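Only one structure is covered here, and it is reproduced in the block below.
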Amino acid sequence: MLAHPWAGTPLGPPQGWDPAVRALVDVILSSPVPMALYYGDEFVLLYNQGYSELIGDRHPDALGRPAGEVFADLWHTPGVGDVIERAYRRGESFLQRESMLPVDRHLAATGDHAVFTRGHSPVRDSAGRIVGVLTVAAQTTQLTQQLQSLSDFAAALSGTLTLDDVARVTLRYALHSFDADQVTFAVDDGPGWRMVRRIRGELLDEADERLPPLWRPTTADSPAPVVVTARSGVPYFVGDGEPLRASAIDRHDQKIRSLAALPLRSSVIRGGLAVGYRTPHGWSAAERALLAASAELVGQAAERARRFETQHGTAQLLQRSMLPERLPALPRLRIAARYDPGVDGNAAGGDFYDAFVLPTGDLGVVLGDVAGHDVQAAARMGQVRAALRALALADPRPDAVLTGLDRLVASLGTETGTQELFVTVVFGVVDADRGEITLASAGHPPPLIRRCHPDGSATAAFVELPAGAPLGLGCRPRTATVPFQPGDTLLLYSDGVVERRRQSLTAGLDVLVTAVAHAASGDPRALCAVATGAVDGATEDDVAVLAVEHALKPSRSASMEMPAEPTAPSRVRHWLTGQLTDWRVPEAVIGAAVLCTSELTTNALLHAGTAARVEIDLSPERLLVSVADSGTRGTVTRAQTDTLSSRGRGLGLIEQLSDAWGTDPTVRGSTVWFEILIPAG
């Protein structure tokens, strides 16, 4: 700038500048803050390095030129040239807050405008005459972006249902919006606290985002700042120091030098949010206000999530407690079932299933649907299911069972004074010795049978069974007896499997039968997963599926109780390898099964934190492995989980190595399973 030919401008050569002007120029050039001097009637520009970065490609040609020429595309825009002229003509200082000007043409072309606060002051020479205007610019683009991000954050939190959802959204937002090195979120968990954090640079794939966050339990008197501020309700700020020295669990905590921790403002749940940096950081008033607003939003979302989880847990426990906790284990019949709540998931429903051994030694199977999605519907479902089993144990003929059940439902309707008790059900008796099934239906969708042919191909077809009227309406069921040979699989399902809005029921049934026919095997667990995902689109109804396979040959089964210890996955791997080797399973199948099982047991420890049960079932056609946990968070500490494998990245591995996999909710907790087909020969 000093080398510019100023002699050809109204300023003249530098050695002739007025002392006051020269002193001001020295201040401008030495300041790191963007500054510019608009000199004389033409507003000739003189500015420092900081201002040159603001105007981008207009520099260096802007030096010594009239501002009206340099900013010809902007000068007559309100808030640009007029404020400079006003300060010059009237001698008034003027402050522009949050002005958005595309002074950099490159940014203007991309639609990304810089936002900053500008102060304009008249400049006087030694004689007191106004000779120009000084502009000082403080860019506030980052703060503006943070405010926009806060709006996006509020929108994202509005869609969360559980505390896991709230934690996932909060960590992602805070790390990005505050450009932090570490973010921690903590909530009160009864006797203690649980915390989850995210660190800058963590590699998170799509599977990680779908999994629950990795919570770490801690004691009620933990010295961690995020817990301390949650207990006291007092914000905590450190600009430079070792704020996590007393509670550090690894080198990431030890590197944090500045930290802000704020309590969540909620009457239902106690918690805290902490943001940290590895370098000294001054917490400005604006930043503190933004953090406080963020914590306020998180507190509201966490409160909603805690209420939802309480209601959801009660409803689901009620629902699942009325379903069988375990299905019969028979040598020639393999049985699996699946129940998924509707879209809301916050109310008990009326779908139910059951399978039980009759006094004759045959297998009774039932699937039904009581209309409604409330506690009353679930209670009626429990009455119907219990009555059906009692009737079947006395007289297992399907038509007799449904006739007796029809009288019960009619009586319940009379007792409650309502005609809205709508119940559909299908009941069947499986005779494995004769290789046949006898079925009866009361207004329920038709059962489906997948048949396996000697050449390895498979077909599926609905059983031609008169549906009859729903229960309570004078149901007069008729039975149908159909072959059920080794290799065949029966599928019972509720209408939530095939019904979708703006789609005919026939279309849903066609999609289901096609999906079942093309399934990789007739394994009942795999078919339940295929059936529930066959028809595209969301359903607001509950979904229940029950499948029974008549095995070609009896399968071999084994199980192991896995303790909630870090060494458990290793112990499971050794047990599984030995068991499959004894069963002479091909080595390629053993290797894939051990890898997948190791990942499932690790996830059970990380995300359920409880003991689990590992079950294997081997038939000539396939190997089925399942890991069932009790679903409550236990006491596996972060120090222990450090010895475990990566968080969920193996789910992609399971998808690649297995022929089918899925998750099934149980009465308590969940079951994750996979299936690997055994090569022919």
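Here's how to read the names in the structure tokens: chain A, B, ... by the order shown, residue numbers from 1 in each chain, ligand numbers from 1 in the order shown.
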
Exercise for the section: Would you mind listing what lies within 6 Å of stretch 61-70 of chain A as a PyMOL selection string, with only C-alpha atoms counted and same-chain residues fewer than 4 positions away left out? Expected result: chain A and resi 42-46+75

Handout entry: Long-range neighbours of A:Lys553 as an MDAnalysis selection string, 8 Å cut-off, only C-alpha atoms, 4 positions minimum in chain
Key = chainID A and resid 332 486 619:620

Written file, previous selection with all heavy atoms, as a short mmCIF file (atom, residue, chain, number, x, y, z; two decimals), in the first residue's frame:
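Dumped everything to selection_30.cif:
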data_model
loop_
_atom_site.label_atom_id
_atom_site.label_comp_id
_atom_site.auth_asym_id
_atom_site.auth_seq_id
_atom_site.Cartn_x
_atom_site.Cartn_y
_atom_site.Cartn_z
N ARG A 332 -39.13 -81.76 14.99
CA ARG A 332 -39.40 -81.68 13.55
C ARG A 332 -40.08 -80.39 13.12
O ARG A 332 -40.27 -80.15 11.93
CB ARG A 332 -40.26 -82.88 13.13
CG ARG A 332 -39.51 -84.19 13.09
CD ARG A 332 -40.40 -85.32 12.62
NE ARG A 332 -41.48 -85.58 13.57
CZ ARG A 332 -42.51 -86.40 13.33
NH1 ARG A 332 -42.60 -87.00 12.15
NH2 ARG A 332 -43.43 -86.60 14.23
N PRO A 486 -42.49 -82.29 4.94
CA PRO A 486 -41.16 -81.78 5.28
C PRO A 486 -40.64 -80.82 4.21
O PRO A 486 -40.72 -81.11 3.01
CB PRO A 486 -40.31 -83.05 5.37
CG PRO A 486 -41.29 -84.12 5.77
CD PRO A 486 -42.58 -83.76 5.06
N SER A 619 -29.41 -77.12 10.76
CA SER A 619 -30.15 -78.08 9.95
C SER A 619 -29.30 -78.40 8.73
O SER A 619 -28.29 -77.75 8.47
CB SER A 619 -31.50 -77.49 9.53
OG SER A 619 -31.31 -76.48 8.55
N PRO A 620 -29.68 -79.41 7.94
CA PRO A 620 -28.89 -79.71 6.73
C PRO A 620 -28.83 -78.54 5.75
O PRO A 620 -27.92 -78.47 4.93
CB PRO A 620 -29.63 -80.90 6.12
CG PRO A 620 -30.34 -81.55 7.27
CD PRO A 620 -30.74 -80.42 8.16
#

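The nearest approach to A:Asp125 among the residues A:Ala289, A:Asp523, A:Ser555, A:Leu24, with only C-alpha atoms taken into account, belongs to A:Leu24.
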
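Compared by their closest atoms to A:Arg334, and using only C-alpha atoms, the residues A:Leu505, A:Val426, A:Leu552, A:Ala246 rank with A:Leu552 nearest.
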
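Proximity of A:Val423, A:Ala612, A:Ile130, A:Val166 to A:Ala410, computed with only C-alpha atoms, is greatest for A:Val423.
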
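Those residues that approach A:Ser121 to within 8 Å, counting only C-alpha atoms, are Ala87, Gly91, Glu92, Ser93, Phe94, Val133, Leu134 and Thr135 of chain A; same-chain residues fewer than 6 positions away are not listed.
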
For N, CA, C and O atoms, I'd like the residues from the last selection saved as a tab-separated table (two decimals), in the first residue's frame.
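Output file out24.tsv is given in full below:
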chain	number	residue	atom	x	y	z
A	87	ALA	N	-22.01	10.02	7.03
A	87	ALA	CA	-20.98	10.30	8.04
A	87	ALA	C	-20.07	11.44	7.59
A	87	ALA	O	-19.61	12.25	8.41
A	91	GLY	N	-21.02	14.64	9.58
A	91	GLY	CA	-20.09	14.49	10.69
A	91	GLY	C	-20.64	13.62	11.80
A	91	GLY	O	-20.30	13.80	12.97
A	92	GLU	N	-21.52	12.64	11.44
A	92	GLU	CA	-22.14	11.77	12.44
A	92	GLU	C	-21.55	10.36	12.35
A	92	GLU	O	-21.37	9.81	11.26
A	93	SER	N	-21.27	9.80	13.51
A	93	SER	CA	-20.85	8.40	13.54
A	93	SER	C	-22.08	7.50	13.38
A	93	SER	O	-23.19	7.87	13.79
A	94	PHE	N	-21.86	6.33	12.80
A	94	PHE	CA	-22.99	5.45	12.51
A	94	PHE	C	-22.55	4.00	12.68
A	94	PHE	O	-21.46	3.61	12.24
A	133	VAL	N	-13.88	9.39	5.97
A	133	VAL	CA	-14.66	8.51	6.85
A	133	VAL	C	-13.83	7.26	7.15
A	133	VAL	O	-13.29	6.64	6.22
A	134	LEU	N	-13.76	6.88	8.43
A	134	LEU	CA	-13.09	5.64	8.84
A	134	LEU	C	-14.15	4.57	9.06
A	134	LEU	O	-15.12	4.77	9.79
A	135	THR	N	-13.93	3.43	8.42
A	135	THR	CA	-14.84	2.28	8.60
A	135	THR	C	-14.07	1.15	9.28
A	135	THR	O	-12.99	0.76	8.81

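Within stretch 45-101 of chain A, DSSP applied to the backbone places the following residues in alpha helix (DSSP H): Gln49, Gly50, Tyr51, Ser52, Glu53, Leu54, Ile55, Ala67, Gly68, Glu69, Val70, Gly81, Asp82, Val83, Ile84, Glu85, Arg86, Ala87, Tyr88, Arg89 and Arg90 of chain A.
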
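Proximity to A:Gly472 was assessed for A:Thr514, A:Thr403, A:Ser52, A:Ser258 counting only C-alpha atoms; the smallest distance is recorded for A:Thr403.
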
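Taking atom CA of A:Val196 and atom CA of A:Arg288 as endpoints, the distance between them is 21.8 Å.
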
Handout entry: Distance criterion (only C-alpha atoms): nearest to A:Ile84 out of A:Pro225, A:Gly56, A:Gly132, A:Gly578
Key = A:Gly132

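Nearest to A:Asp431 of all the residues A:Leu363, A:Ala400, A:Val516, A:Leu393 is A:Leu363, based on only C-alpha atoms.
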
Handout entry: Point-to-point distance in Å for atom CA of A:Val430 and atom CA of A:Arg478
Key = 16.5 Å
